[in-house]
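J.: Below are the structure tokens for one structure; questions will follow.
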Amino acid sequence: MMKDWLQRNLKGDPILWAIVFLFSFISIAVVYSATGTLAYKKMNGNTEAFLLKHSALIVAGLGFMWLAHRIDYRYYSRLALYALLISVPLLLFTYLLGGETNGASRWMTIPVINQTFQPSDLAKLALISHLASMLSRRQQHLQDFWTTLFPVMLWVGIICGLIALTNASTSSLLFATCLLLMFIGRVPLKQMLVMVLIGVTVGGTALASGQRWKTVQSRITNFSDPTKKTPFQLEHSYIAIATGGIAGKGPGKSTERNILPHPYSDFIYAIIIEEYGLLGGAVVLFLYLAFLYRGLKTVMNSYGAFGGLLSAGLSFSLVLQALVNMGVAVGLGPITGLPLPLLSMGGTSLIFTGISIGIILAVSRGEREVRPMTGEPDDTARIPSQRAAYA
């Protein structure tokens with residue numbers, strides 16, 4: 001009976017569903033442990049306050065994921081442009097008048113519910129969806145600069161440039177995801193090279209005129225110069241990882257959570273290894289790679305070009321961010337401030353992550369449940385299994 005209920009209500013890839021539920025349970029356990037110091041400072045030691053809030057946001061994210069996966073994914077092609085048009089003024093408003101934390105204006109407060117919101121979360125989802133739509137519609141015109149590259153270049157430049165004003169790491173990661181999507185979409189390498197040059201120019205200009213130029217310089221210098229002292233965050237991240245050993249200290253027994261800045265967000269992977277050891281860290285890494293594999297398998301089974309590109313873009317976006325976060329924690333890259341998707345404590349970012357996964361699940365429902373819709377971007381189009389020769 002339970003199996004029948006699950007089959008009726010949880011459509012799409014069952015393994016992807018299982019991975020997301022497993023991430024949710026891990027997130028609740030680790031965030032509960034990592035917020036001890038924050039609870040002591042802000043909630044007079046009431047750790048249950050953060051536990052309940054985070055659990056509620058996890059449930060909300062799962063709810064939005066369920067709603068998103070019930071919708072025919074090709075409707076997102078229509079919605080993406082409107083979401084982009086909304087994102088532009090929201091990003092500008094946040095840059096000029098948004099709430100400031102650590103020298104960057106990335107948040108705005110939603111009236112009535114008094115919940116903070118990062119417009120970059122909406123912009124990322126909208127740009128990837130619209131880019132997938134544009135590329136799927138132009139599969140027969142990929143050599144035409146004005147037909148294909150110019151509109152892609154315009155939207156990627158605007159959105160990544162606006163995000164770079166306040167958040168260089170998110171902007172860079174989004175730009176890299178867009179390049180991957182263009183590669184999968186068979187955009188000629190010459191045009192991609194032009195895109196890279198434009199991206200570097202626009203991104204560099206936005207970064208230099210924005211709020212994070214000095215911070216980015218400092219972080220890159222600290223990472224690349226061996227004579228520099230290891231930053232405080234990384235030093236204690238290394239301690240957490242080194243003392244975790246193979247099996248870890250045990251759930252709730254982290255000591256570095258009391259010292260590390262943002263142990264429930266930016267450096268939650270270090271806390272995972274400290275409490276659950278290298279085995280726990282390896283399990284988390286495996287789950288992200290399994291998530292990517294199932295997302296790319298959805299690409300192979302999708303009805304047409306739009307579904308495949310959409311699933312690929314969203315899967316790469318989430319997993320690349322996870323790999324960057326984990327790489328920072330173990331010293332493979334400069335500090336970025338990016339949270340670990342599906343695991344870090346967050347606000348509306350959990351909801352947008354849920355929507356992204358819901359869209360991937362909607363694509364994975366497959367051809368048997370999604371009938372062709374006249375006028376949509378990929379009624380019959382498929383991405384060829386081998387890339388065309390480049391001019």
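Naming works like this for the structure tokens: A, B, ... for the chains as they're shown, residue 1 at the start of each chain, ligands 1 onward in shown order.
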Which of region 35-243 of chain A end up as alpha helix (DSSP H) when DSSP is run on this backbone - answer as a PyMOL selection string?
T.: chain A and resi 36-42+47-69+75-97+119-137+150-164+168-184+189-209+213-224+232-243
J.: How about saving the chosen residues, C-alpha atoms kept, as a compact mmCIF listing (two decimals), in the first residue's frame?
T.:
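File produced: selection35.txt:
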# COMPACT_ATOMS: atom_id res chain seq x y z
CA GLY A 36 25.37 25.00 19.33
CA THR A 37 27.51 28.13 19.66
CA LEU A 38 25.06 30.24 17.65
CA ALA A 39 22.20 29.05 19.87
CA TYR A 40 24.17 29.94 22.99
CA LYS A 41 24.82 33.47 21.73
CA LYS A 42 21.45 34.30 20.18
CA THR A 47 19.38 24.71 20.28
CA GLU A 48 15.90 23.42 19.46
CA ALA A 49 15.02 26.84 18.02
CA PHE A 50 17.47 26.40 15.14
CA LEU A 51 16.59 22.73 14.84
CA LEU A 52 12.89 23.53 14.38
CA LYS A 53 13.56 26.44 12.01
CA HIS A 54 15.93 24.44 9.82
CA SER A 55 13.64 21.41 9.83
CA ALA A 56 10.73 23.61 8.76
CA LEU A 57 12.78 25.02 5.88
CA ILE A 58 13.82 21.51 4.84
CA VAL A 59 10.15 20.48 4.78
CA ALA A 60 9.28 23.63 2.82
CA GLY A 61 12.03 22.87 0.30
CA LEU A 62 10.72 19.32 -0.11
CA GLY A 63 7.22 20.71 -0.56
CA PHE A 64 8.30 23.06 -3.33
CA MET A 65 10.27 20.21 -4.89
CA TRP A 66 7.13 18.07 -4.93
CA LEU A 67 5.10 20.88 -6.51
CA ALA A 68 7.77 21.58 -9.14
CA HIS A 69 8.06 17.92 -10.14
CA TYR A 75 6.19 25.13 -18.92
CA TYR A 76 9.44 26.29 -17.31
CA SER A 77 10.58 27.40 -20.76
CA ARG A 78 7.78 29.95 -20.74
CA LEU A 79 8.36 31.06 -17.16
CA ALA A 80 12.15 31.46 -17.38
CA LEU A 81 12.13 34.73 -19.33
CA TYR A 82 9.65 36.34 -16.94
CA ALA A 83 11.76 35.21 -13.99
CA LEU A 84 14.84 36.79 -15.61
CA LEU A 85 13.01 40.07 -16.17
CA ILE A 86 12.06 40.09 -12.49
CA SER A 87 15.59 39.14 -11.40
CA VAL A 88 17.30 42.16 -12.98
CA PRO A 89 15.56 44.89 -10.91
CA LEU A 90 15.76 42.69 -7.79
CA LEU A 91 19.53 42.31 -8.19
CA LEU A 92 19.92 46.06 -8.74
CA PHE A 93 17.74 46.84 -5.73
CA THR A 94 19.74 44.46 -3.54
CA TYR A 95 23.04 45.97 -4.66
CA LEU A 96 21.89 49.52 -3.94
CA LEU A 97 19.59 49.07 -0.95
CA PRO A 119 17.71 37.42 -5.57
CA SER A 120 20.77 35.61 -6.93
CA ASP A 121 19.03 32.29 -6.13
CA LEU A 122 16.12 33.23 -8.39
CA ALA A 123 18.47 34.64 -11.04
CA LYS A 124 20.55 31.43 -11.19
CA LEU A 125 17.51 29.22 -11.67
CA ALA A 126 15.99 31.59 -14.24
CA LEU A 127 19.21 31.98 -16.27
CA ILE A 128 19.91 28.24 -16.49
CA SER A 129 16.31 27.55 -17.51
CA HIS A 130 16.25 30.31 -20.12
CA LEU A 131 19.65 29.35 -21.49
CA ALA A 132 18.43 25.75 -21.91
CA SER A 133 15.36 27.08 -23.72
CA MET A 134 17.38 29.34 -26.03
CA LEU A 135 19.84 26.61 -26.96
CA SER A 136 17.10 24.04 -27.58
CA ARG A 137 15.31 26.43 -29.95
CA PHE A 150 24.30 37.22 -29.04
CA PRO A 151 21.11 36.58 -26.97
CA VAL A 152 23.01 34.03 -24.87
CA MET A 153 25.88 36.47 -24.36
CA LEU A 154 23.47 39.26 -23.46
CA TRP A 155 21.60 37.39 -20.72
CA VAL A 156 24.64 35.63 -19.27
CA GLY A 157 26.57 38.91 -19.20
CA ILE A 158 23.75 40.86 -17.54
CA ILE A 159 22.93 38.31 -14.84
CA CYS A 160 26.49 37.21 -14.03
CA GLY A 161 27.65 40.83 -14.08
CA LEU A 162 24.94 41.98 -11.66
CA ILE A 163 25.64 39.08 -9.30
CA ALA A 164 29.41 39.78 -9.46
CA ALA A 168 32.07 36.96 -7.06
CA SER A 169 32.06 33.23 -6.26
CA THR A 170 28.38 32.71 -7.14
CA SER A 171 28.82 34.70 -10.35
CA SER A 172 31.90 32.69 -11.39
CA LEU A 173 30.21 29.38 -10.67
CA LEU A 174 27.10 30.38 -12.60
CA PHE A 175 29.22 31.47 -15.56
CA ALA A 176 31.07 28.14 -15.52
CA THR A 177 27.73 26.31 -15.47
CA CYS A 178 26.55 28.32 -18.48
CA LEU A 179 29.71 27.38 -20.39
CA LEU A 180 29.13 23.71 -19.60
CA LEU A 181 25.55 24.04 -20.80
CA MET A 182 26.73 25.65 -24.03
CA PHE A 183 29.20 22.82 -24.58
CA ILE A 184 26.49 20.19 -24.05
CA LEU A 189 34.12 26.23 -29.55
CA LYS A 190 35.00 29.47 -31.35
CA GLN A 191 31.79 31.05 -30.09
CA MET A 192 32.44 29.70 -26.61
CA LEU A 193 35.88 31.32 -26.66
CA VAL A 194 34.23 34.64 -27.52
CA MET A 195 31.87 34.03 -24.61
CA VAL A 196 34.78 33.46 -22.25
CA LEU A 197 36.48 36.71 -23.33
CA ILE A 198 33.27 38.66 -22.88
CA GLY A 199 32.61 37.00 -19.54
CA VAL A 200 36.06 37.85 -18.22
CA THR A 201 35.69 41.47 -19.36
CA VAL A 202 32.19 41.96 -17.95
CA GLY A 203 32.92 40.02 -14.77
CA GLY A 204 36.18 41.83 -14.13
CA THR A 205 34.54 45.23 -14.65
CA ALA A 206 31.63 44.35 -12.35
CA LEU A 207 33.98 42.98 -9.71
CA ALA A 208 36.27 46.02 -9.81
CA SER A 209 33.34 48.42 -9.49
CA TRP A 213 37.17 43.44 -5.16
CA LYS A 214 39.43 43.78 -2.10
CA THR A 215 38.02 40.63 -0.50
CA VAL A 216 38.62 38.58 -3.65
CA GLN A 217 42.17 39.93 -3.98
CA SER A 218 42.91 39.08 -0.35
CA ARG A 219 41.54 35.54 -0.58
CA ILE A 220 43.38 34.74 -3.80
CA THR A 221 46.64 36.15 -2.39
CA ASN A 222 46.29 34.16 0.83
CA PHE A 223 45.68 30.98 -1.14
CA SER A 224 48.40 31.39 -3.76
CA PHE A 232 41.76 31.54 10.59
CA GLN A 233 38.82 29.71 9.02
CA LEU A 234 40.98 27.29 7.06
CA GLU A 235 43.29 26.65 10.01
CA HIS A 236 40.40 25.43 12.15
CA SER A 237 38.85 23.59 9.24
CA TYR A 238 42.10 21.62 8.94
CA ILE A 239 42.03 20.93 12.68
CA ALA A 240 38.46 19.64 12.46
CA ILE A 241 39.35 17.34 9.56
CA ALA A 242 42.62 16.14 11.15
CA THR A 243 41.03 15.31 14.50
J.: Could you tell me how far CA of Gly252 (chain A) sits from CA of Glu274 (chain A), in Å to one decimal place?
T.: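 About the pair CA of Glu274 (chain A) and CA of Gly252 (chain A): they are 9.8 Å apart.
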J.: Have a look at CA of Gly12 (chain A) and CA of Ala362 (chain A) and let me know their distance in Å, one decimal.
T.: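 Result for CA of Gly12 (chain A) versus CA of Ala362 (chain A): 6.3 Å, one decimal.
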J.: Write out as a list of chain:residue names which residues come within 8 Å of Ser33 (chain A) when counting only C-alpha atoms, dropping same-chain ones fewer than 2 positions away.
T.: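 In the requested format, the answer is A:Ala29, A:Val30, A:Val31, A:Thr35, A:Gly36, A:Pro251, A:Gly252, A:Lys253, A:Ser254.
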J.: Nearest to Phe316 (chain A) among A:Gly277, A:Pro226, A:Gly295, A:Pro334, with distances taken over only C-alpha atoms: which residue is it?
T.: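 Selected residue with least distance to Phe316 (chain A): A:Gly295.
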J.: Counting only C-alpha atoms, which residue out of A:Met326, A:Trp107, A:Val187, A:Ile360 sits closest to Gly308 (chain A)?
T.: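 The answer is A:Ile360, which sits nearest to Gly308 (chain A).
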